[in-house]
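Next up, final_6.cif (mmCIF, C-alpha atoms):
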```
data_upload
#
loop_
_atom_site.label_atom_id
_atom_site.label_comp_id
_atom_site.auth_asym_id
_atom_site.auth_seq_id
_atom_site.Cartn_x
_atom_site.Cartn_y
_atom_site.Cartn_z
CA MET N 204 47.74 16.71 -4.92
CA LYS N 205 47.91 13.21 -3.46
CA GLN N 206 46.10 14.39 -0.34
CA LEU N 207 43.41 16.01 -2.48
CA PHE N 208 42.91 12.72 -4.33
CA HIS N 209 42.35 10.82 -1.07
CA ILE N 210 39.89 13.42 0.16
CA SER N 211 37.97 13.25 -3.13
CA ILE N 212 37.72 9.46 -3.00
CA LEU N 213 36.47 9.59 0.60
CA SER N 214 33.93 12.26 -0.23
CA LEU N 215 32.81 10.30 -3.27
CA SER N 216 32.36 7.11 -1.24
CA LEU N 217 30.30 8.88 1.40
CA PHE N 218 28.18 10.55 -1.27
CA VAL N 219 27.51 7.30 -3.10
CA PHE N 220 26.60 5.52 0.15
CA ALA N 221 24.19 8.30 1.09
CA VAL N 222 22.46 8.28 -2.29
CA ALA N 223 22.31 4.49 -2.48
CA SER N 224 20.78 4.17 0.99
CA ALA N 225 18.39 7.14 0.82
CA PRO N 226 14.63 6.46 0.96
CA ALA N 227 12.98 6.52 -2.45
CA ALA N 228 9.28 6.59 -1.55
CA ASP N 229 6.64 8.45 0.44
CA LEU N 230 3.79 6.97 2.51
CA ALA N 231 0.31 8.33 3.18
CA ILE N 232 -2.16 6.78 5.62
CA TYR N 233 -5.88 7.48 5.89
CA SER N 234 -7.21 7.01 9.43
CA GLY N 235 -10.38 9.06 9.10
CA PRO N 236 -13.93 7.95 9.92
CA THR N 237 -14.44 4.20 9.73
CA ASN N 238 -17.33 1.86 9.05
CA PRO N 239 -17.56 1.11 12.79
CA GLY N 240 -18.83 -2.43 12.43
CA TRP N 241 -15.60 -3.40 10.65
CA ILE N 242 -12.89 -1.45 12.44
CA SER N 243 -13.30 1.07 15.23
CA GLN N 244 -12.06 4.62 14.93
CA ASP N 245 -9.72 4.05 17.86
CA ALA N 246 -8.25 0.94 16.18
CA ALA N 247 -7.71 2.74 12.87
CA ILE N 248 -5.93 5.62 14.59
CA ALA N 249 -3.84 3.27 16.75
CA ASN N 250 -2.84 1.20 13.71
CA ALA N 251 -1.86 4.32 11.77
CA GLU N 252 0.26 5.53 14.68
CA ALA N 253 1.91 2.12 15.04
CA ILE N 254 2.88 2.17 11.35
CA MET N 255 4.11 5.76 11.51
CA ASN N 256 6.21 5.15 14.62
CA ASP N 257 7.77 1.90 13.44
CA ASP N 258 11.53 2.19 12.96
CA GLN N 259 11.48 0.10 9.78
CA MET N 260 8.85 2.36 8.20
CA LYS N 261 10.82 5.46 9.18
CA ALA N 262 13.89 4.00 7.51
CA ILE N 263 12.07 2.95 4.33
CA PHE N 264 10.05 6.11 3.63
CA GLU N 265 11.32 9.62 3.11
CA SER N 266 8.06 11.04 4.49
CA ILE N 267 5.00 9.63 6.25
CA GLU N 268 1.74 11.57 6.32
CA ASN N 269 -1.42 10.71 8.28
CA TYR N 270 -4.73 12.09 7.01
CA GLY N 271 -7.91 12.10 9.09
CA ASP N 272 -11.42 13.56 9.27
CA GLY N 273 -11.69 16.69 7.14
CA ASP N 274 -8.63 15.86 5.07
CA GLU N 275 -10.42 13.55 2.67
CA VAL N 276 -13.36 15.35 1.03
CA GLY N 277 -12.91 15.69 -2.73
CA TYR N 278 -9.97 15.55 -5.09
CA ASP N 279 -8.75 19.02 -4.01
CA SER N 280 -8.59 18.02 -0.33
CA PRO N 281 -5.23 17.54 1.44
CA LEU N 282 -5.36 13.77 0.85
CA GLY N 283 -6.48 14.25 -2.75
CA ALA N 284 -3.65 16.72 -3.35
CA TRP N 285 -1.12 14.25 -1.88
CA MET N 286 -2.34 11.51 -4.20
CA GLN N 287 -2.17 13.73 -7.28
CA ALA N 288 1.29 15.00 -6.34
CA HIS N 289 2.48 11.41 -6.00
CA THR N 290 1.13 10.33 -9.36
CA GLY N 291 3.71 10.76 -12.09
CA ASN N 292 6.52 11.82 -9.77
CA GLY N 293 8.91 9.10 -10.93
CA GLN N 294 8.88 6.99 -7.76
CA GLN N 295 6.76 4.21 -6.27
CA ASP N 296 4.75 5.59 -3.34
CA VAL N 297 2.37 3.87 -0.93
CA PHE N 298 -1.14 4.69 0.30
CA ILE N 299 -2.75 2.78 3.18
CA ALA N 300 -6.48 2.89 3.90
CA ALA N 301 -6.19 2.12 7.62
CA SER N 302 -9.91 2.88 8.00
CA GLY N 303 -10.85 0.39 5.29
CA THR N 304 -12.99 3.00 3.57
CA ALA N 305 -12.71 4.89 0.27
CA PRO N 306 -12.97 8.65 0.87
CA SER N 307 -13.90 10.93 -2.01
CA ALA N 308 -10.31 12.22 -2.08
CA ILE N 309 -9.34 8.96 -3.76
CA TYR N 310 -12.62 7.71 -5.35
CA GLN N 311 -15.75 9.85 -5.55
CA PHE N 312 -18.95 8.03 -4.66
CA PRO N 313 -21.19 6.54 -5.83
CA ASN N 314 -18.82 5.44 -8.61
CA ALA N 315 -18.75 9.00 -9.97
CA ASP N 316 -15.49 8.30 -11.85
CA PRO N 317 -15.45 4.65 -12.93
CA ASP N 318 -12.27 5.55 -14.83
CA ASP N 319 -9.54 8.08 -14.03
CA SER N 320 -10.26 8.38 -10.32
CA ASN N 321 -7.39 9.56 -8.15
CA ILE N 322 -6.76 6.06 -6.83
CA GLU N 323 -6.90 4.43 -10.26
CA ASN N 324 -4.47 6.96 -11.73
CA PHE N 325 -2.21 6.47 -8.70
CA ILE N 326 -2.15 2.69 -9.17
CA GLU N 327 -1.77 2.87 -12.94
CA ASP N 328 1.32 5.02 -12.35
CA GLY N 329 2.87 1.98 -10.65
CA ASN N 330 2.14 2.93 -7.05
CA VAL N 331 0.89 0.82 -4.13
CA PHE N 332 -2.55 0.75 -2.45
CA ILE N 333 -3.04 -1.23 0.77
CA ASN N 334 -6.55 -1.68 2.20
CA VAL N 335 -7.47 -3.26 5.53
CA ALA N 336 -10.73 -4.14 7.29
CA ASP N 337 -13.70 -3.33 5.02
CA TRP N 338 -14.47 -4.41 1.43
CA ILE N 339 -11.94 -2.52 -0.64
CA LEU N 340 -13.32 0.71 -2.19
CA TYR N 341 -16.90 -0.10 -1.09
CA MET N 342 -17.91 3.19 0.53
CA SER N 343 -16.88 6.18 2.65
CA TYR N 344 -17.76 7.35 6.13
CA GLU N 345 -16.20 10.79 5.75
CA GLY N 346 -17.74 13.34 8.08
CA GLY N 347 -19.04 10.45 10.18
CA THR N 348 -21.89 9.69 7.78
CA ARG N 349 -22.16 6.64 5.56
CA SER N 350 -21.86 7.64 1.91
CA ALA N 351 -23.80 6.26 -1.03
CA ASN N 352 -22.26 2.87 -1.76
CA ASN N 353 -19.85 2.20 -4.56
CA ALA N 354 -20.60 -1.42 -3.68
CA ALA N 355 -18.63 -4.07 -5.59
CA ASP N 356 -18.16 -1.75 -8.58
CA GLY N 357 -15.54 0.32 -6.74
CA ALA N 358 -12.97 -2.46 -6.73
CA ALA N 359 -14.15 -3.82 -10.08
CA ASN N 360 -13.60 -0.44 -11.74
CA VAL N 361 -10.11 0.12 -10.30
CA PHE N 362 -8.98 -3.43 -11.08
CA ASP N 363 -10.78 -3.22 -14.46
CA ILE N 364 -12.33 -6.64 -13.83
CA PRO N 365 -16.12 -6.54 -14.39
CA GLY N 366 -18.04 -8.44 -11.76
CA LEU N 367 -15.13 -8.66 -9.33
CA SER N 368 -16.32 -9.67 -5.87
CA PHE N 369 -14.93 -9.89 -2.35
CA GLY N 370 -18.03 -11.56 -0.93
CA ALA N 371 -17.84 -13.95 2.03
CA ARG N 372 -17.20 -17.63 1.39
CA GLY N 373 -14.93 -20.46 2.50
CA GLY N 374 -13.60 -21.39 5.92
CA PRO N 375 -10.74 -19.96 7.97
CA ALA N 376 -7.75 -18.58 6.04
CA VAL N 377 -4.60 -20.60 6.72
CA PRO N 378 -1.13 -19.12 6.01
CA THR N 379 0.55 -20.23 2.78
CA ALA N 380 4.29 -20.67 2.33
CA GLU N 381 4.42 -17.06 1.12
CA GLY N 382 2.47 -15.98 4.18
CA GLU N 383 4.86 -17.76 6.53
CA LYS N 384 7.84 -16.19 4.74
CA TYR N 385 6.69 -12.60 4.38
CA LEU N 386 4.13 -12.22 7.21
CA PRO N 387 5.64 -14.25 10.06
CA SER N 388 3.05 -13.04 12.58
CA LEU N 389 0.14 -14.22 10.38
CA VAL N 390 -2.20 -16.72 12.05
CA GLU N 391 -5.35 -18.49 10.89
CA PHE N 392 -8.49 -16.33 10.93
CA GLN N 393 -11.94 -16.14 9.34
CA SER N 394 -12.09 -13.53 6.58
CA ASP N 395 -15.43 -11.89 5.80
CA ARG N 396 -14.34 -10.42 2.46
CA PRO N 397 -11.76 -12.76 0.91
CA TRP N 398 -10.32 -12.50 -2.59
CA HIS N 399 -11.95 -14.77 -5.17
CA LEU N 400 -8.78 -15.92 -6.89
CA GLU N 401 -10.43 -17.53 -9.91
CA GLN N 402 -11.75 -14.11 -10.96
CA PHE N 403 -8.19 -13.01 -11.68
CA ASP N 404 -7.51 -15.84 -14.14
CA GLY N 405 -6.80 -14.48 -17.62
CA THR N 406 -6.37 -10.90 -16.39
CA ASP N 407 -3.22 -8.79 -16.28
CA TRP N 408 -3.03 -9.18 -12.50
CA GLU N 409 -0.77 -11.69 -10.74
CA VAL N 410 -2.00 -12.48 -7.23
CA THR N 411 0.06 -13.72 -4.29
CA ALA N 412 -2.08 -15.23 -1.54
CA PHE N 413 -0.65 -15.11 1.96
CA ALA N 414 -3.46 -17.25 3.36
CA VAL N 415 -6.11 -19.43 1.71
CA SER N 416 -9.08 -21.37 2.98
CA ASN N 417 -8.76 -25.14 3.42
CA ASP N 418 -12.41 -25.33 2.35
CA ASP N 419 -11.92 -23.27 -0.82
CA PRO N 420 -8.42 -22.78 -2.30
CA ASN N 421 -9.76 -19.87 -4.37
CA SER N 422 -10.65 -17.96 -1.21
CA ALA N 423 -7.70 -15.86 0.03
CA ASP N 424 -6.96 -13.13 2.59
CA PRO N 425 -4.57 -11.38 2.94
CA ALA N 426 -3.37 -11.18 -0.65
CA VAL N 427 -1.63 -8.80 -3.05
CA ALA N 428 -1.97 -8.28 -6.80
CA VAL N 429 0.62 -6.85 -9.19
CA ASN N 430 -0.43 -5.54 -12.58
CA THR N 431 1.83 -7.04 -15.26
CA THR N 432 1.19 -4.16 -17.68
CA TYR N 433 1.86 -1.04 -15.61
CA GLY N 434 3.28 -2.42 -12.35
CA GLY N 435 0.66 -1.07 -9.95
CA ILE N 436 0.15 -3.00 -6.71
CA ILE N 437 -3.05 -3.53 -4.70
CA ALA N 438 -3.15 -5.39 -1.38
CA ALA N 439 -6.34 -6.16 0.55
CA MET N 440 -5.66 -7.54 4.01
CA TRP N 441 -7.63 -8.76 7.03
CA GLN N 442 -10.97 -7.79 5.51
CA LYS N 443 -12.86 -8.84 8.60
CA ALA N 444 -15.67 -7.25 10.60
CA GLN N 445 -13.89 -6.93 13.94
CA PRO N 446 -13.94 -3.41 15.40
CA GLU N 447 -11.36 -4.28 18.07
CA TRP N 448 -9.05 -7.22 17.37
CA GLU N 449 -8.53 -9.66 20.20
CA GLY N 450 -4.84 -9.57 21.13
CA ASP N 451 -2.28 -7.87 18.88
CA ASP N 452 -3.99 -6.22 15.92
CA PRO N 453 -2.53 -7.76 12.72
CA ARG N 454 -3.87 -4.87 10.70
CA ALA N 455 -0.88 -2.85 11.94
CA SER N 456 1.89 -5.39 12.51
CA GLY N 457 0.94 -7.33 9.38
CA VAL N 458 1.00 -4.25 7.16
CA ILE N 459 4.43 -3.37 8.55
CA GLU N 460 5.67 -6.89 7.78
CA PHE N 461 4.13 -6.75 4.30
CA ILE N 462 5.95 -3.51 3.46
CA ALA N 463 9.26 -4.39 5.13
CA ASN N 464 9.39 -7.94 3.73
CA TRP N 465 7.30 -8.50 0.60
CA LEU N 466 7.17 -4.98 -0.84
CA MET N 467 10.85 -4.24 -0.26
CA GLU N 468 11.67 -7.43 -2.17
CA ASN N 469 9.06 -7.26 -4.92
CA GLY N 470 8.33 -3.55 -5.32
CA SER N 471 10.53 -0.59 -6.17
CA ILE N 472 9.91 1.66 -3.17
CA ALA N 473 13.62 1.63 -2.36
CA THR N 474 15.27 0.92 -5.69
CA PRO N 475 19.02 0.83 -4.97
CA VAL N 476 21.41 3.01 -6.91
CA GLU N 477 23.99 1.04 -8.85
CA PRO N 478 27.26 2.17 -7.21
CA GLN N 479 29.38 1.73 -10.34
CA ASP N 480 27.04 3.94 -12.38
CA LYS N 481 26.94 6.59 -9.69
CA ILE N 482 30.71 6.51 -9.23
CA ALA N 483 31.29 6.98 -12.96
CA THR N 484 28.93 9.96 -13.09
CA VAL N 485 30.12 11.67 -9.92
CA TRP N 486 33.81 10.97 -10.51
CA GLY N 487 33.52 12.56 -13.93
CA LYS N 488 31.97 15.61 -12.30
CA ILE N 489 34.74 15.80 -9.67
CA LYS N 490 37.47 15.61 -12.34
CA SER N 491 35.82 18.31 -14.46
CA ASP N 492 35.67 20.65 -11.45
CA ARG N 493 39.33 20.23 -10.49
#
```
Could I get this structure in the form of structure tokens?
Amino acid sequence: MKQLFHISILSLSLFVFAVASAPAADLAIYSGPTNPGWISQDAAIANAEAIMNDDQMKAIFESIENYGDGDEVGYDSPLGAWMQAHTGNGQQDVFIAASGTAPSAIYQFPNADPDDSNIENFIEDGNVFINVADWILYMSYEGGTRSANNAADGAANVFDIPGLSFGARGGPAVPTAEGEKYLPSLVEFQSDRPWHLEQFDGTDWEVTAFAVSNDDPNSADPAVAVNTTYGGIIAAMWQKAQPEWEGDDPRASGVIEFIANWLMENGSIATPVEPQDKIATVWGKIKSDR
């Protein structure tokens, strides 16, 4: 009996460790056709592969899926089905638009669903949307052809902030204290589509700016917003027209740093299990089975 007790405790400890350390989120990346003046197709694919192959991302996410050309047309497409399956599933999942575009799998153009689009429902369920390169939710290039524009209304509708704009203004974006902490590779650059921070005043979004312009403190990029009502998270990062980045592309390494550093601390993609609660539950089960 004493030996059985020791074996049970060991088994329980291993079980609790496994549950507590298990990934609690899934990741989807869209690397389909790009707006080529903003990010090249080769860069979008390379960035998606860099994220998928990163050891930190593999450890954080239970599954990582990469969707490309042909996967993104309509809500019943493979990407659309992934987004619907990960809305209301009881965990915080992450979607990255590595192409910087908004395929009809997530938001049907031109603003066909100003409310209740796949991406809006996904965010309002408390999930995470990360956009790089082009103006967030502006248009699609699915099939290699430029779609009818959602224009500024795409982002405005999903944020529920009428008149929201990411238009160019301000000088180079300089890392903030938060940028230096969470995105250590971040360097000064000129954003073409920065956040206009004053437009978020009085809304239910709290914005963290990782870099702001010395010329205009309300001009920020990259930045992330958290909805204080339903917990959804939207990040728009390196919204710059640069098909091929000179040197290391921050649109891959920076997104990895954002997830591994900021999101792991401030999101719930890997919510830890409380060991004492799990021990009480599992130990009760072990005793009842003996």
Residues matched by the PyMOL selection byres ((chain N and resi 285) around 12), written as a PyMOL selection string: chain N and resi 229-233+266-270+274-275+277-284+286-292+296-298+308-309+321-322+325
Nearest-residue call for Thr431 (chain N), choices N:Glu327, N:Pro365, N:Gly357, N:Ser350, using all atoms listed in the file: N:Glu327
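Running the PyMOL selection byres ((chain N and resi 400) around 10) on this file leaves Leu367, Ser368, Phe369, Pro397, Trp398, His399, Glu401, Gln402, Phe403, Asp404, Glu409, Val410, Thr411, Ala412, Val415, Pro420, Asn421, Ser422, Ala423 and Ala426 of chain N selected.
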Output the selection as a compact mmCIF listing (two decimals), keeping the file's coordinate frame - C-alpha atoms for each residue.
```txt
# COMPACT_ATOMS: atom_id res chain seq x y z
CA LEU N 367 -15.13 -8.66 -9.33
CA SER N 368 -16.32 -9.67 -5.87
CA PHE N 369 -14.93 -9.89 -2.35
CA PRO N 397 -11.76 -12.76 0.91
CA TRP N 398 -10.32 -12.50 -2.59
CA HIS N 399 -11.95 -14.77 -5.17
CA GLU N 401 -10.43 -17.53 -9.91
CA GLN N 402 -11.75 -14.11 -10.96
CA PHE N 403 -8.19 -13.01 -11.68
CA ASP N 404 -7.51 -15.84 -14.14
CA GLU N 409 -0.77 -11.69 -10.74
CA VAL N 410 -2.00 -12.48 -7.23
CA THR N 411 0.06 -13.72 -4.29
CA ALA N 412 -2.08 -15.23 -1.54
CA VAL N 415 -6.11 -19.43 1.71
CA PRO N 420 -8.42 -22.78 -2.30
CA ASN N 421 -9.76 -19.87 -4.37
CA SER N 422 -10.65 -17.96 -1.21
CA ALA N 423 -7.70 -15.86 0.03
CA ALA N 426 -3.37 -11.18 -0.65
```
Å distance separating CA of Glu391 (chain N) from CA of Ile437 (chain N), one decimal place: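 So the answer is 21.7 Å.
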Distance in Å - CA of Gly370 (chain N) versus CA of Gln442 (chain N):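 Distance between the two atoms: 10.3 Å.
Listed by chain and then by number, the residues chosen by the PyMOL selection byres ((chain N and resi 238) around 8) in this file are Pro236, Thr237, Pro239, Gly240, Trp241, Ile242, Ser243, Ser302, Gly303, Thr304, Asp337, Ser343, Tyr344 and Arg349 of chain N.
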Just to be explicit: take each residue in the selection above, keep C-alpha atoms, and write the result as a CSV table (one decimal), in the frame of the given file.
```csv
chain,number,residue,atom,x,y,z
N,236,PRO,CA,-13.9,8.0,9.9
N,237,THR,CA,-14.4,4.2,9.7
N,239,PRO,CA,-17.6,1.1,12.8
N,240,GLY,CA,-18.8,-2.4,12.4
N,241,TRP,CA,-15.6,-3.4,10.6
N,242,ILE,CA,-12.9,-1.4,12.4
N,243,SER,CA,-13.3,1.1,15.2
N,302,SER,CA,-9.9,2.9,8.0
N,303,GLY,CA,-10.8,0.4,5.3
N,304,THR,CA,-13.0,3.0,3.6
N,337,ASP,CA,-13.7,-3.3,5.0
N,343,SER,CA,-16.9,6.2,2.6
N,344,TYR,CA,-17.8,7.4,6.1
N,349,ARG,CA,-22.2,6.6,5.6
```
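The coordinates place CA of Gln259 (chain N) at 8.0 Å from CA of Ile459 (chain N).
Minimum atom-to-atom distances from N:Ala354, N:Ala439, N:Ile462, N:Val361 to Glu323 (chain N) were compared using all atoms listed in the file, and the lowest value belongs to N:Val361.
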Selection near region 447-455 of chain N, 7 Å with all atoms listed in the file, sequence-local residues under 6 positions removed, as a PyMOL selection string: chain N and resi 242-243+246+250+253-254+335+441
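Counting only C-alpha atoms, the residue from N:Gly346, N:Asp363, N:Val276, N:Thr432 that sits nearest to Pro317 (chain N) is N:Asp363.
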Among listed residues N:Leu386, N:Leu340, N:Val377, N:Ala358, nearest Ser307 (chain N) (using only C-alpha atoms):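 Residue with the minimum atom-to-atom distance to Ser307 (chain N): N:Leu340.
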Exercise: Ser388 (chain N) partners within 9 Å, all atoms listed in the file, chain neighbours under 5 positions left out, as number ranges by chain: N: 382-383, 453, 456-457, 460
Test item: which residues lie within 8 Å of (-4.0, -3.1, 2.4) counting only C-alpha atoms, as JSON, numbers by chain: {"N": [299, 300, 301, 332, 333, 334, 335, 437, 438, 439, 440, 458]}
Using all atoms listed in the file: which of N:Ala463, N:Ile436, N:Ala376, N:Val390 has the shortest distance to Ala414 (chain N): N:Ala376
Among listed residues N:Glu381, N:Glu468, N:Asp395, N:Asp318, nearest Gln445 (chain N) (using all atoms listed in the file): N:Asp395
